[in-house]
Structures are given as structure tokens and as C-alpha cells.
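Colleague: File protein_4.cif below, mmCIF, C-alpha atoms:
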```
data_target
loop_
_atom_site.label_atom_id
_atom_site.label_comp_id
_atom_site.auth_asym_id
_atom_site.auth_seq_id
_atom_site.Cartn_x
_atom_site.Cartn_y
_atom_site.Cartn_z
CA MET A 1 0.48 39.66 46.58
CA ALA A 2 -2.16 37.47 44.91
CA PHE A 3 -1.99 36.88 41.17
CA ARG A 4 -4.84 35.84 38.91
CA LYS A 5 -4.54 32.42 37.27
CA THR A 6 -3.89 33.97 33.87
CA SER A 7 -1.02 36.01 35.26
CA LEU A 8 0.64 32.97 36.76
CA VAL A 9 0.35 31.13 33.44
CA ALA A 10 1.76 34.11 31.56
CA VAL A 11 4.68 34.46 33.99
CA LYS A 12 5.52 30.76 33.78
CA CYS A 13 5.32 30.78 29.99
CA ALA A 14 7.55 33.83 29.74
CA SER A 15 10.12 32.29 32.09
CA VAL A 16 10.62 29.24 29.84
CA ASN A 17 9.98 31.01 26.54
CA VAL A 18 7.24 28.68 25.29
CA ARG A 19 3.83 29.20 23.74
CA CYS A 20 1.13 28.18 26.23
CA PHE A 21 -2.60 27.63 26.15
CA ASN A 22 -4.89 30.60 26.52
CA VAL A 23 -7.13 30.97 29.58
CA SER A 24 -10.32 32.98 29.15
CA SER A 25 -10.99 35.16 32.18
CA SER A 26 -14.73 35.37 31.46
CA HIS A 27 -15.59 31.72 30.82
CA LYS A 28 -12.68 30.03 32.60
CA SER A 29 -12.15 27.82 29.49
CA VAL A 30 -8.71 26.59 28.49
CA ALA A 31 -7.65 26.60 24.83
CA TRP A 32 -5.34 23.59 25.13
CA TRP A 33 -4.60 23.35 21.40
CA ASP A 34 -4.05 27.04 20.64
CA GLY A 35 -0.59 26.26 19.29
CA VAL A 36 -1.66 23.44 16.96
CA GLU A 37 -1.14 24.35 13.32
CA MET A 38 -3.50 23.37 10.52
CA GLY A 39 -2.18 20.29 8.75
CA PRO A 40 -1.90 20.10 4.95
CA PRO A 41 -4.84 18.48 3.15
CA ASP A 42 -4.50 14.93 1.91
CA PRO A 43 -3.83 15.17 -1.86
CA ILE A 44 -6.09 12.25 -2.78
CA LEU A 45 -8.95 13.32 -0.54
CA GLY A 46 -8.58 16.81 -1.99
CA VAL A 47 -9.10 15.37 -5.47
CA THR A 48 -12.25 13.61 -4.28
CA ASP A 49 -13.62 16.75 -2.62
CA ALA A 50 -13.14 18.76 -5.80
CA PHE A 51 -14.73 15.99 -7.86
CA LYS A 52 -17.85 15.96 -5.67
CA LYS A 53 -18.37 19.69 -6.16
CA ASP A 54 -18.11 19.44 -9.96
CA THR A 55 -21.48 19.47 -11.75
CA ASN A 56 -20.22 18.22 -15.14
CA PRO A 57 -22.09 14.96 -15.94
CA LYS A 58 -18.94 13.63 -17.65
CA LYS A 59 -16.70 14.18 -14.62
CA MET A 60 -14.23 11.41 -13.70
CA ASN A 61 -12.51 10.66 -10.41
CA LEU A 62 -9.25 8.84 -11.13
CA GLY A 63 -7.64 9.51 -7.77
CA VAL A 64 -9.10 6.92 -5.41
CA GLY A 65 -7.27 3.61 -5.05
CA ALA A 66 -10.24 1.27 -4.69
CA TYR A 67 -11.60 -1.13 -7.28
CA ARG A 68 -14.80 -0.33 -9.13
CA GLY A 69 -16.80 -2.49 -11.50
CA ASN A 70 -17.51 -1.47 -15.07
CA ASP A 71 -20.60 0.32 -13.71
CA GLY A 72 -18.34 2.54 -11.60
CA LYS A 73 -19.68 1.18 -8.30
CA PRO A 74 -17.88 -0.58 -5.41
CA TYR A 75 -17.63 -4.32 -5.98
CA VAL A 76 -18.34 -6.89 -3.26
CA LEU A 77 -17.05 -10.33 -4.21
CA GLU A 78 -19.58 -13.17 -4.25
CA ALA A 79 -17.01 -15.31 -2.45
CA VAL A 80 -16.98 -12.79 0.39
CA THR A 81 -20.78 -12.69 0.62
CA LYS A 82 -21.00 -16.49 0.69
CA ALA A 83 -18.24 -16.70 3.30
CA GLU A 84 -20.16 -14.28 5.52
CA GLU A 85 -23.32 -16.35 5.12
CA GLN A 86 -21.47 -19.47 6.20
CA LEU A 87 -19.93 -17.67 9.17
CA LEU A 88 -23.36 -16.42 10.26
CA LYS A 89 -24.70 -19.97 10.28
CA LYS A 90 -21.88 -21.05 12.59
CA GLY A 91 -23.09 -18.70 15.32
CA LEU A 92 -19.58 -17.57 16.27
CA ASP A 93 -18.98 -15.25 19.21
CA LYS A 94 -17.37 -11.81 19.15
CA GLU A 95 -14.69 -12.44 21.77
CA TYR A 96 -11.24 -10.87 21.55
CA LEU A 97 -8.62 -12.52 19.41
CA GLY A 98 -5.16 -13.11 20.82
CA ILE A 99 -2.50 -10.46 20.33
CA THR A 100 -1.19 -12.08 17.14
CA GLY A 101 -4.67 -12.60 15.67
CA LEU A 102 -6.53 -15.62 14.33
CA PRO A 103 -4.05 -18.54 14.02
CA ALA A 104 -5.83 -20.10 11.04
CA PHE A 105 -5.72 -16.75 9.22
CA ASN A 106 -2.01 -16.31 9.93
CA LYS A 107 -1.30 -19.76 8.52
CA ALA A 108 -3.36 -19.03 5.40
CA ALA A 109 -1.73 -15.62 4.85
CA ALA A 110 1.78 -17.04 5.17
CA SER A 111 0.91 -19.82 2.74
CA LEU A 112 -0.39 -17.27 0.25
CA ALA A 113 2.79 -15.18 0.43
CA PHE A 114 5.46 -17.86 0.55
CA GLY A 115 3.76 -20.75 -1.21
CA THR A 116 3.52 -24.34 -0.08
CA GLU A 117 6.63 -25.65 -1.81
CA GLY A 118 10.20 -25.45 -0.60
CA GLY A 119 9.52 -26.38 3.01
CA LEU A 120 9.85 -22.84 4.42
CA LEU A 121 6.61 -22.86 6.38
CA GLU A 122 7.22 -26.40 7.66
CA SER A 123 10.66 -25.34 8.89
CA GLY A 124 9.18 -23.10 11.58
CA ARG A 125 11.34 -20.16 10.47
CA VAL A 126 8.41 -17.84 9.65
CA THR A 127 6.45 -15.91 12.24
CA THR A 128 3.24 -14.26 11.03
CA VAL A 129 0.91 -11.94 12.91
CA GLN A 130 -2.44 -10.52 11.86
CA SER A 131 -2.41 -6.75 11.36
CA ILE A 132 -4.68 -3.78 10.70
CA SER A 133 -4.45 -4.24 6.93
CA GLY A 134 -1.23 -3.48 5.05
CA THR A 135 -0.72 -0.13 6.75
CA GLY A 136 -0.81 -1.77 10.16
CA ALA A 137 1.59 -4.48 9.00
CA LEU A 138 4.04 -1.82 7.88
CA ARG A 139 3.76 0.02 11.19
CA VAL A 140 4.30 -3.13 13.25
CA GLY A 141 7.33 -3.88 11.11
CA ALA A 142 8.62 -0.32 11.39
CA ASN A 143 8.37 -0.42 15.19
CA PHE A 144 10.08 -3.81 15.34
CA LEU A 145 12.96 -2.61 13.17
CA LYS A 146 13.33 0.55 15.24
CA LYS A 147 13.65 -1.55 18.40
CA PHE A 148 16.10 -4.12 17.06
CA MET A 149 17.83 -2.25 14.20
CA PRO A 150 17.63 1.27 15.68
CA ASN A 151 20.33 2.85 13.52
CA ALA A 152 19.41 1.24 10.21
CA PRO A 153 18.17 3.72 7.60
CA ILE A 154 15.15 2.71 5.51
CA TYR A 155 15.75 3.02 1.77
CA GLN A 156 12.53 3.63 -0.16
CA PRO A 157 12.12 3.51 -3.96
CA LEU A 158 11.65 6.90 -5.55
CA PRO A 159 8.73 7.38 -5.78
CA THR A 160 6.88 5.14 -3.35
CA TRP A 161 3.42 4.85 -1.84
CA GLY A 162 2.54 8.11 -0.11
CA ASN A 163 2.09 6.44 3.29
CA HIS A 164 5.40 4.55 3.34
CA ILE A 165 7.57 7.47 4.38
CA PRO A 166 5.22 8.81 7.12
CA ILE A 167 4.83 5.32 8.62
CA PHE A 168 8.57 4.83 9.01
CA LYS A 169 9.21 8.44 10.00
CA HIS A 170 6.63 8.23 12.77
CA ALA A 171 8.43 5.13 14.03
CA GLY A 172 11.61 7.20 14.27
CA HIS A 173 13.53 5.93 11.24
CA ASP A 174 15.94 7.81 9.00
CA ILE A 175 14.47 7.70 5.47
CA GLN A 176 16.61 7.54 2.35
CA THR A 177 15.74 6.76 -1.27
CA TYR A 178 17.06 4.85 -4.24
CA ARG A 179 16.27 5.50 -7.88
CA TYR A 180 13.41 3.45 -9.30
CA TYR A 181 11.25 5.28 -11.86
CA ASP A 182 12.60 6.69 -15.12
CA LYS A 183 10.52 9.71 -16.12
CA SER A 184 11.92 9.69 -19.64
CA THR A 185 10.59 6.21 -20.37
CA CYS A 186 7.80 5.96 -17.76
CA GLY A 187 9.47 2.67 -16.86
CA PHE A 188 11.96 1.08 -14.47
CA ASP A 189 15.29 2.86 -14.01
CA ALA A 190 17.31 -0.36 -13.87
CA ALA A 191 20.75 1.28 -14.14
CA GLY A 192 19.96 3.89 -11.52
CA ALA A 193 18.41 1.37 -9.12
CA MET A 194 21.36 -1.03 -9.32
CA GLU A 195 23.90 1.77 -8.90
CA ASP A 196 22.10 3.13 -5.84
CA LEU A 197 21.59 -0.29 -4.25
CA LYS A 198 25.33 -1.00 -4.54
CA ALA A 199 26.04 2.22 -2.64
CA ILE A 200 23.68 1.55 0.29
CA PRO A 201 25.58 0.94 3.56
CA GLU A 202 25.66 -2.56 5.01
CA GLY A 203 22.91 -3.26 7.54
CA SER A 204 20.38 -0.90 5.96
CA VAL A 205 16.76 -1.82 5.17
CA VAL A 206 15.50 -1.77 1.57
CA MET A 207 11.77 -1.38 0.92
CA LEU A 208 10.55 -3.33 -2.11
CA HIS A 209 7.12 -3.49 -3.75
CA ALA A 210 6.45 -7.17 -4.48
CA CYS A 211 4.16 -6.39 -7.44
CA ALA A 212 2.08 -3.57 -8.94
CA HIS A 213 4.36 -0.81 -7.65
CA ASN A 214 2.36 2.05 -6.18
CA PRO A 215 2.14 4.73 -7.53
CA THR A 216 3.86 3.98 -10.86
CA GLY A 217 2.60 0.53 -11.84
CA VAL A 218 6.18 -0.19 -12.92
CA ASP A 219 7.57 -3.59 -11.88
CA PRO A 220 11.11 -4.86 -12.56
CA GLN A 221 11.39 -7.74 -15.01
CA ARG A 222 12.58 -11.00 -13.46
CA GLU A 223 16.13 -10.53 -14.69
CA TYR A 224 16.26 -7.24 -12.78
CA TRP A 225 14.73 -8.81 -9.68
CA LYS A 226 17.52 -11.39 -9.77
CA GLU A 227 20.15 -8.68 -10.05
CA MET A 228 18.60 -6.71 -7.20
CA CYS A 229 18.45 -9.86 -5.09
CA SER A 230 22.15 -10.51 -5.67
CA ILE A 231 23.16 -6.94 -4.83
CA ILE A 232 21.04 -6.84 -1.68
CA LYS A 233 22.60 -10.12 -0.54
CA SER A 234 26.18 -9.10 -1.28
CA GLN A 235 25.68 -5.71 0.38
CA ARG A 236 24.17 -7.42 3.45
CA LEU A 237 20.98 -5.37 3.26
CA PHE A 238 17.66 -6.38 4.84
CA PRO A 239 14.73 -6.65 2.36
CA PHE A 240 11.26 -5.51 3.43
CA PHE A 241 8.60 -6.48 0.88
CA ASP A 242 5.25 -4.70 0.78
CA MET A 243 2.72 -6.89 -1.04
CA ALA A 244 -0.62 -5.10 -1.24
CA TYR A 245 -1.73 -6.42 -4.64
CA GLN A 246 -1.01 -10.16 -4.76
CA GLY A 247 -3.33 -11.69 -7.35
CA PHE A 248 -4.88 -8.33 -8.15
CA ALA A 249 -1.92 -7.30 -10.32
CA SER A 250 -1.78 -10.13 -12.86
CA GLY A 251 -4.64 -12.36 -11.76
CA ASP A 252 -2.08 -15.02 -10.75
CA LEU A 253 -1.19 -15.36 -7.06
CA ASP A 254 2.07 -17.20 -7.70
CA LYS A 255 3.23 -14.85 -10.42
CA ASP A 256 2.68 -11.80 -8.22
CA ALA A 257 4.58 -13.39 -5.30
CA TRP A 258 7.48 -14.54 -7.47
CA ALA A 259 10.00 -11.95 -6.25
CA ILE A 260 9.41 -12.79 -2.57
CA ARG A 261 9.76 -16.51 -3.15
CA TYR A 262 12.88 -16.05 -5.27
CA PHE A 263 14.53 -14.02 -2.50
CA VAL A 264 13.70 -16.82 -0.04
CA GLU A 265 15.21 -19.41 -2.38
CA GLU A 266 18.38 -17.31 -2.54
CA GLY A 267 18.74 -17.40 1.23
CA HIS A 268 17.34 -14.04 2.29
CA ASN A 269 15.65 -13.52 5.63
CA MET A 270 13.14 -10.71 5.25
CA ALA A 271 10.02 -8.86 6.33
CA VAL A 272 6.75 -9.05 4.37
CA SER A 273 3.59 -7.00 4.78
CA GLN A 274 0.32 -8.16 3.18
CA SER A 275 -3.10 -6.65 2.58
CA PHE A 276 -6.37 -8.30 1.62
CA ALA A 277 -8.05 -5.01 0.72
CA LYS A 278 -7.51 -5.27 -3.03
CA ASN A 279 -7.46 -8.99 -3.84
CA MET A 280 -10.59 -9.75 -1.76
CA GLY A 281 -12.18 -6.29 -1.81
CA LEU A 282 -12.04 -6.15 2.00
CA TYR A 283 -11.11 -2.47 2.19
CA GLY A 284 -13.18 -1.62 5.26
CA GLU A 285 -12.39 -4.82 7.15
CA ARG A 286 -8.75 -3.72 7.58
CA ILE A 287 -7.27 -7.19 7.31
CA GLY A 288 -3.57 -7.81 6.70
CA ALA A 289 -0.53 -9.69 7.95
CA PHE A 290 3.09 -9.08 8.88
CA SER A 291 5.69 -11.84 8.54
CA LEU A 292 9.36 -12.18 9.37
CA VAL A 293 11.50 -14.94 7.87
CA CYS A 294 14.02 -15.90 10.52
CA SER A 295 17.17 -18.03 10.68
CA ASN A 296 15.70 -20.88 12.74
CA PRO A 297 12.57 -21.83 14.73
CA ASP A 298 13.98 -20.60 18.04
CA GLU A 299 14.67 -17.17 16.55
CA ALA A 300 11.14 -17.11 15.10
CA LYS A 301 9.63 -17.78 18.54
CA ARG A 302 11.69 -15.02 20.13
CA VAL A 303 10.73 -12.61 17.35
CA GLU A 304 7.05 -13.43 17.83
CA SER A 305 7.33 -12.72 21.55
CA GLN A 306 8.71 -9.26 20.77
CA LEU A 307 6.03 -8.59 18.16
CA LYS A 308 3.45 -9.27 20.86
CA ILE A 309 5.13 -6.70 23.09
CA ILE A 310 4.95 -4.13 20.27
CA ILE A 311 1.33 -4.87 19.30
CA ARG A 312 -0.15 -4.98 22.79
CA PRO A 313 0.13 -1.22 23.56
CA MET A 314 -0.47 -0.27 19.91
CA TYR A 315 -3.92 -1.82 19.33
CA SER A 316 -4.02 -4.75 21.77
CA ASN A 317 -5.38 -7.26 19.24
CA PRO A 318 -6.78 -7.17 15.70
CA PRO A 319 -10.44 -7.37 14.58
CA VAL A 320 -11.92 -10.80 14.04
CA HIS A 321 -14.47 -10.50 11.21
CA GLY A 322 -12.14 -9.88 8.27
CA ALA A 323 -9.79 -12.62 9.44
CA ARG A 324 -12.66 -15.09 9.54
CA ILE A 325 -13.78 -14.11 6.03
CA VAL A 326 -10.30 -14.65 4.57
CA THR A 327 -9.85 -17.93 6.43
CA GLU A 328 -13.26 -19.23 5.34
CA ILE A 329 -12.47 -18.43 1.69
CA MET A 330 -8.94 -19.83 1.79
CA ASN A 331 -9.91 -23.06 3.56
CA THR A 332 -13.15 -23.84 1.70
CA PRO A 333 -12.32 -25.31 -1.76
CA GLU A 334 -15.51 -24.05 -3.44
CA LEU A 335 -15.09 -20.52 -2.09
CA ARG A 336 -11.39 -20.44 -2.93
CA THR A 337 -12.13 -21.45 -6.51
CA LEU A 338 -14.82 -18.78 -6.78
CA TRP A 339 -12.50 -16.15 -5.26
CA LEU A 340 -9.68 -16.96 -7.68
CA LYS A 341 -12.11 -16.57 -10.59
CA GLU A 342 -13.40 -13.23 -9.30
CA MET A 343 -9.90 -11.99 -8.50
CA LYS A 344 -8.73 -12.77 -12.02
CA GLY A 345 -11.84 -11.04 -13.34
CA MET A 346 -10.88 -7.85 -11.50
CA ALA A 347 -7.29 -8.03 -12.76
CA ASP A 348 -8.44 -8.73 -16.32
CA ARG A 349 -10.81 -5.74 -16.27
CA ILE A 350 -7.93 -3.46 -15.27
CA ILE A 351 -5.76 -4.90 -18.05
CA THR A 352 -8.60 -4.46 -20.56
CA MET A 353 -9.06 -0.81 -19.57
CA ARG A 354 -5.33 -0.23 -20.17
CA LEU A 355 -5.53 -1.76 -23.63
CA GLN A 356 -8.62 0.27 -24.50
CA LEU A 357 -7.08 3.52 -23.30
CA LYS A 358 -3.97 3.00 -25.40
CA SER A 359 -6.13 2.07 -28.40
CA ASN A 360 -8.41 5.07 -27.94
CA LEU A 361 -5.43 7.44 -27.75
CA ALA A 362 -4.27 6.07 -31.10
CA LYS A 363 -7.75 6.59 -32.54
CA GLU A 364 -7.60 10.22 -31.36
CA GLY A 365 -4.51 10.61 -33.55
CA SER A 366 -1.98 10.89 -30.74
CA GLN A 367 1.63 10.58 -31.95
CA ARG A 368 3.02 10.07 -28.47
CA ASN A 369 4.37 6.73 -27.31
CA TRP A 370 1.81 5.36 -24.84
CA ASP A 371 3.33 1.87 -24.49
CA HIS A 372 3.86 2.47 -20.79
CA ILE A 373 0.08 2.36 -20.23
CA THR A 374 0.07 -1.36 -21.06
CA ASP A 375 3.63 -2.09 -19.86
CA GLN A 376 2.72 -0.97 -16.35
CA ILE A 377 0.58 -3.23 -14.18
CA GLY A 378 -1.97 -3.06 -11.40
CA MET A 379 -4.46 -0.44 -10.32
CA PHE A 380 -2.33 2.63 -11.02
CA CYS A 381 -0.75 4.12 -14.09
CA PHE A 382 1.85 6.87 -14.17
CA THR A 383 0.73 8.65 -17.32
CA GLY A 384 3.72 10.96 -17.71
CA LEU A 385 1.42 14.00 -17.67
CA SER A 386 2.86 17.17 -16.16
CA PRO A 387 1.19 19.01 -13.25
CA GLU A 388 0.10 21.69 -15.71
CA GLN A 389 -1.52 19.10 -17.98
CA VAL A 390 -3.26 17.55 -14.97
CA ASP A 391 -4.67 20.97 -14.10
CA GLN A 392 -5.85 21.37 -17.68
CA LEU A 393 -7.63 17.99 -17.53
CA LYS A 394 -9.45 19.14 -14.42
CA ASP A 395 -10.34 22.63 -15.63
CA GLU A 396 -11.37 21.77 -19.19
CA PHE A 397 -12.65 18.19 -18.95
CA SER A 398 -13.55 17.61 -15.27
CA VAL A 399 -11.07 14.73 -15.09
CA TYR A 400 -9.59 14.52 -11.60
CA LEU A 401 -6.28 12.89 -10.68
CA THR A 402 -3.28 13.64 -8.49
CA ARG A 403 -0.84 16.21 -9.85
CA ASP A 404 1.94 13.66 -10.28
CA GLY A 405 -0.03 12.28 -13.24
CA ARG A 406 -1.13 9.06 -11.54
CA ILE A 407 -4.50 7.68 -12.56
CA SER A 408 -6.46 4.85 -10.99
CA ILE A 409 -7.34 2.53 -13.85
CA ALA A 410 -10.19 1.21 -11.68
CA GLY A 411 -11.97 4.51 -12.35
CA LEU A 412 -12.22 3.70 -16.05
CA SER A 413 -15.11 1.91 -17.72
CA SER A 414 -16.20 1.04 -21.24
CA ASP A 415 -18.39 4.15 -21.08
CA ASN A 416 -15.78 6.77 -20.15
CA ASN A 417 -12.55 5.32 -21.55
CA ALA A 418 -12.82 7.12 -24.88
CA TYR A 419 -13.62 10.41 -23.12
CA LEU A 420 -10.42 10.15 -21.06
CA ALA A 421 -8.40 9.37 -24.18
CA HIS A 422 -9.85 12.45 -25.89
CA ALA A 423 -9.03 14.60 -22.87
CA MET A 424 -5.47 13.25 -22.56
CA HIS A 425 -4.82 13.77 -26.26
CA SER A 426 -6.19 17.31 -26.09
CA VAL A 427 -3.74 18.33 -23.35
CA THR A 428 -0.71 16.55 -24.85
CA LYS A 429 -0.92 17.20 -28.59
#
```
Please lay out the structure from this file as C-alpha cells.

Modeller:
Amino acid sequence: MAFRKTSLVAVKCASVNVRCFNVSSSHKSVAWWDGVEMGPPDPILGVTDAFKKDTNPKKMNLGVGAYRGNDGKPYVLEAVTKAEEQLLKKGLDKEYLGITGLPAFNKAAASLAFGTEGGLLESGRVTTVQSISGTGALRVGANFLKKFMPNAPIYQPLPTWGNHIPIFKHAGHDIQTYRYYDKSTCGFDAAGAMEDLKAIPEGSVVMLHACAHNPTGVDPQREYWKEMCSIIKSQRLFPFFDMAYQGFASGDLDKDAWAIRYFVEEGHNMAVSQSFAKNMGLYGERIGAFSLVCSNPDEAKRVESQLKIIIRPMYSNPPVHGARIVTEIMNTPELRTLWLKEMKGMADRIITMRLQLKSNLAKEGSQRNWDHITDQIGMFCFTGLSPEQVDQLKDEFSVYLTRDGRISIAGLSSDNNAYLAHAMHSVTK
């Protein structure tokens, strides 16, 4: 007896009790993805979509994590423009980079993270590879850890950047958390963090934000960093630093990298991911780096060989243009000086907006303690607003932010700062 194709599919599906694709008898088309469910919307993109539809001329989008000038527009650094002009004059080709990226960029990125003092880079113990920005660096690191520390859980601060957990979950890791943010003070939960770190099993991985913690803007004071460093060492935990905001947080490259360098001084081997999206404004160039501090040069060479094996089937090799821009800026004294000035200017504008917001809230007559606005650092501020208050800001004032109360300070300007303060006071008084 002859069966139609659809009948055979149906019989086979029924026999193994699975949901199969649908075959149309009239058009002979196959619905391969009939069983694919609709994914949840991205919370930040959802904020942006709602903002675009709003017709209020005073509307504010405080959800996007990209720097804006005081005019509210994207900011391209003059150092970047000049670097591109110099690169154009060189007439460089567009050939593939090697698997690990542009060597001169890797050297510059490692120098930026670890500094030039102490002899670490000269020791040959650090292996650095170019990555697809900070996200790519994290994913390369996650895959490496899964291959060579397959049973090690990854302990993330609570809360952490929204992409941290998916990156490590997709690499197959078990995700755990440790206390970090104190909602009652909008600051660092030092007691909770230390207690949790002491309870983490030996051989686990601890994710640390080097500076400008995302999403809270809350960084540990140096005395707490030292205590965390000691606990992590005594517990034999592996530190993984994510440094997406070096220089952008305080305006000082060395200050923002202090925790990483202190851990190195104290004898830690570690992983470090870097991004040049914020501190050079190279968001769309997707330029970053991943480094591992190893025990000796031989170990570093073996680690690099395994990183190549991980990268090759993932994206083969990284893009060249962003790496050349960073290298040109870092290795040209005039451009480096200009970049440092512009970078500090961006950081100072963020700090100024924080000071103005706190001042404007006081002028509104707010009796709440808003010290955390200026105590926190970097692009983001955890305001302490409830989801209901966030909804009220949106509905009554056309102010858009994520429902956890996080605002991007980069969305503030001298023109709209007072309006935000008025709105925040109105929903919290």
C-alpha cells in the first residue's frame, strides 16, 4: 500500500512522540520551524521602541547604554577620526587577520589592562587575543573555561550585566550568584558579598566587574577589593574580570584598572575581558580583547594554542578596522594624548550630570537621600525607583528606563536634567 508523504511523516512523528514540521499537500512546502516559540522581547530594545512611538516633545530615553554628547547625539571622538585619516593614507589592505587578531593591538590592549610596571607583560605569562568586543571576549573565555574547567560553577554578582548569564549558560556553565548590591542603601553589600565569597566551593569561577559595575554603578572601595582579593585567594577561586569601562568610569585609566593590577600583585592568575566600545566610542567596530594570566610562559603558549582552537570554528578571525584604529591611537603619542583628553571629557560629563541631577532633586524639595546618585560611577545609575514608579515616569512624563530603575546617565543633558529631577520627585514624594 502506498502512503502519501504527509502520512509517512505523521506516522514517524507519532511513533517517536515528537512534534514535527508540517507539510502542505497543496504547495509541497515544509514548515521547518513550526515548533519554534516566540522569544521574549529584549527589555532595553523594548524601552527604545516605546520611546520612538511617544509623541511628547519632552520624552527621554534613559535605557540605551551608549554615550551621547550634551546635544543628545552620538559622539565620534576626534582621535578616532584622525586615526582613520592616517590609516587611509597608509593604503592598507583588507586581508584576513590571524586567528588571534592584530598582534600590535593585542600588545596595546594588554598594556592598557595590566600596566607597564611590575614586569608582568615582559614575563611572557600573559596571552591576549583580539575578540568581537567585550561580549566576544566573554564568550571566548566562557568556552575556554568550559573545556578546561568543565565542572566549575560561575558565580556572578547579583545583579550583573544582562548578557553575562546568557553568555555563560550558552557555553554550558552552571550559574550561581553572590550578593553584591544592597537595595536599602543603593550601595555595595560588603557584608553579604564577603560572606557569600567565603562559602563558594574551591575551584569555582568568580565574575568581577573591574569598574563601573553594570547595571548598578556601584563599585567596592579599595579596602573591600583587598578583602575580596584575600578571600578569593584563600578559597582558591578563579577570578574573571570584565572591564568594559576602563577610563570611561573615572577618566583615569590606571584608577579604573586598579583592582585587576592589585589582584596580579597579590599573585592571582586570572581572566580579563576588555571592550573599547565605551572608552573610544567604537561601539559598531566590535573591538575587544581576552587575556589569561598564566603561571609561566610555557603555560601561556599552550593556552594560546587552545584559544586558537576555540576561536577558529566560532568566528575564524576578528575584524581588522577597529583593531587598527585602537593601535594607531595607542601607539601615536599625539593621538593618545588627544584620546585621553576626550575620554576624560566624556567621564567628566557623566559625573557632572550626576551632580546636577542630585542638586535638581534637592531644588524640587525632595527629602529623600539621593547620595547614591553621586556615589555610584560610570554610565549607569541604579536610582532605587520601584517598577511601579518607573511605569509612572513613563505614563505621566514620557521618561523611559528599564523597570529595575536603572538609568543611563549618558541620556541626560543640561537641557533635560531638571525635567528628570521634577519627574523623579513627583513619583517619589

Colleague: Fewer than 5 positions away in the same chain doesn't count, so skip those; otherwise give me all residues within 8 Å of A:Leu158, counting only C-alpha atoms, as a ChimeraX atom specification.

Modeller: /A:177-181

Colleague: Once the PyMOL selection byres ((chain A and resi 292-300) around 6) is applied to the coordinates I shared, what remains selected? I want it as a PyMOL selection string.

Modeller: chain A and resi 124-127+269-271+291+301-303

Colleague: Going by the chain IDs and residue numbers used in this file, which residues fall under the PyMOL selection byres ((chain A and resi 172) around 12)? Write them as number ranges by chain.

Modeller: A: 139, 142-147, 149-154, 165-171, 173-175

Colleague: Please expand the PyMOL selection byres ((chain A and resi 259) around 10) into the concrete residues it hits in this file, giving the result as a list in words.

Modeller: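 On this input, the PyMOL selection byres ((chain A and resi 259) around 10) captures Leu208, His209, Ala210, Cys211, Pro220, Gln221, Arg222, Trp225, Lys226, Cys229, Phe241, Asp254, Lys255, Asp256, Ala257, Trp258, Ile260, Arg261, Tyr262, Phe263, Val264 and Glu265 of chain A.
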
Colleague: Mind pulling up the distance from atom CA of A:Phe276 to atom CA of A:Leu237?

Modeller: 27.6 Å

Colleague: Take atom CA of A:Ser123 and atom CA of A:Gly247 and report the distance between them in Å, one decimal.

Modeller: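 Computing the Euclidean distance for atom CA of A:Ser123 and atom CA of A:Gly247 yields 25.4 Å.
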
Colleague: Looking at only C-alpha atoms, which of A:Ser184, A:Ser426, A:Thr327, A:Ser398 is the one that sits closest to A:Asn369?

Modeller: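 Of all the options, A:Ser184 lies closest to A:Asn369.
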
Colleague: How many Å separate atom CA of A:Cys186 from atom CA of A:His372?

Modeller: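 It comes out at 6.1 Å.
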
Colleague: Using all atoms listed in the file, which residues sit within 10 Å of A:Asp348 once same-chain residues fewer than 6 positions away are excluded, as a compact mmCIF listing (two decimals) with C-alpha atoms, in the coordinates of the input?

Modeller:
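Printed below is out11.txt as written:
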```txt
# COMPACT_ATOMS: atom_id res chain seq x y z
CA PHE A 248 -4.88 -8.33 -8.15
CA ALA A 249 -1.92 -7.30 -10.32
CA SER A 250 -1.78 -10.13 -12.86
CA GLY A 251 -4.64 -12.36 -11.76
CA GLU A 342 -13.40 -13.23 -9.30
CA ARG A 354 -5.33 -0.23 -20.17
CA GLY A 378 -1.97 -3.06 -11.40
```

Colleague: So, counting all atoms listed in the file, which residue among A:Gly69, A:Gly288, A:Gly192, A:Pro40 is closest to A:Ala108?

Modeller: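 Of A:Gly69, A:Gly288, A:Gly192, A:Pro40, the one nearest A:Ala108 is A:Gly288, counting all atoms listed in the file.
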
Colleague: Name the residues in contact with stretch 91-102 of chain A at a cut-off of 10 Å, using all atoms listed in the file, excluding same-chain residues fewer than 5 positions from it; report them as a count of residues only.

Modeller: 27

Colleague: Considering all atoms listed in the file, return as a PyMOL selection string whatever protein or nucleic-acid residues lie within 12 Å of A:Thr185, sequence-local ones (same chain, fewer than 5 positions apart) excluded.

Modeller: chain A and resi 180+190+216+218+368-373+375-376+382-384

Colleague: Looking at only C-alpha atoms, which of A:Gly267, A:Gly322, A:Gly65, A:Gly35 is the one that sits closest to A:Glu84?

Modeller: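 The shortest atom-to-atom distance to A:Glu84 comes from A:Gly322.
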
Colleague: Using all atoms listed in the file, which residue out of A:Gly134, A:Gly39, A:Pro103, A:Gly46 lies closest to A:Leu282?

Modeller: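 Using all atoms listed in the file, the shortest distance to A:Leu282 belongs to A:Gly134.
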
Colleague: Show which residues sit within 10 Å of stretch 405-409 of chain A, as a ChimeraX atom specification. Count only C-alpha atoms, and ignore same-chain residues fewer than 3 positions away.

Modeller: /A:61-68,214-217,349-354,357,373,377-391,399-402,412-413,417

Colleague: Because some atoms of stretch 203-210 of chain A are absent here, can you restore N, CA, C and O atoms and send them as a compact mmCIF listing (two decimals), keeping the file's coordinate frame?

Modeller:
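rebuild-v9.txt written:
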```
# COMPACT_ATOMS: atom_id res chain seq x y z
N GLY A 203 23.79 -3.30 6.38
CA GLY A 203 22.91 -3.26 7.54
C GLY A 203 21.71 -2.35 7.38
O GLY A 203 20.91 -2.22 8.31
N SER A 204 21.54 -1.76 6.21
CA SER A 204 20.38 -0.90 5.96
C SER A 204 19.18 -1.76 5.54
O SER A 204 19.31 -2.93 5.20
N VAL A 205 18.00 -1.15 5.57
CA VAL A 205 16.76 -1.82 5.17
C VAL A 205 16.33 -1.28 3.81
O VAL A 205 16.36 -0.06 3.59
N VAL A 206 15.94 -2.17 2.91
CA VAL A 206 15.50 -1.77 1.57
C VAL A 206 14.03 -2.15 1.41
O VAL A 206 13.66 -3.32 1.52
N MET A 207 13.20 -1.15 1.16
CA MET A 207 11.77 -1.38 0.92
C MET A 207 11.56 -1.75 -0.55
O MET A 207 12.05 -1.06 -1.45
N LEU A 208 10.83 -2.84 -0.77
CA LEU A 208 10.55 -3.33 -2.11
C LEU A 208 9.06 -3.57 -2.28
O LEU A 208 8.41 -4.09 -1.37
N HIS A 209 8.51 -3.20 -3.44
CA HIS A 209 7.12 -3.49 -3.75
C HIS A 209 7.08 -4.82 -4.48
O HIS A 209 7.65 -4.95 -5.57
N ALA A 210 6.42 -5.82 -3.91
CA ALA A 210 6.45 -7.17 -4.48
C ALA A 210 5.86 -7.21 -5.88
O ALA A 210 6.34 -7.95 -6.75
```
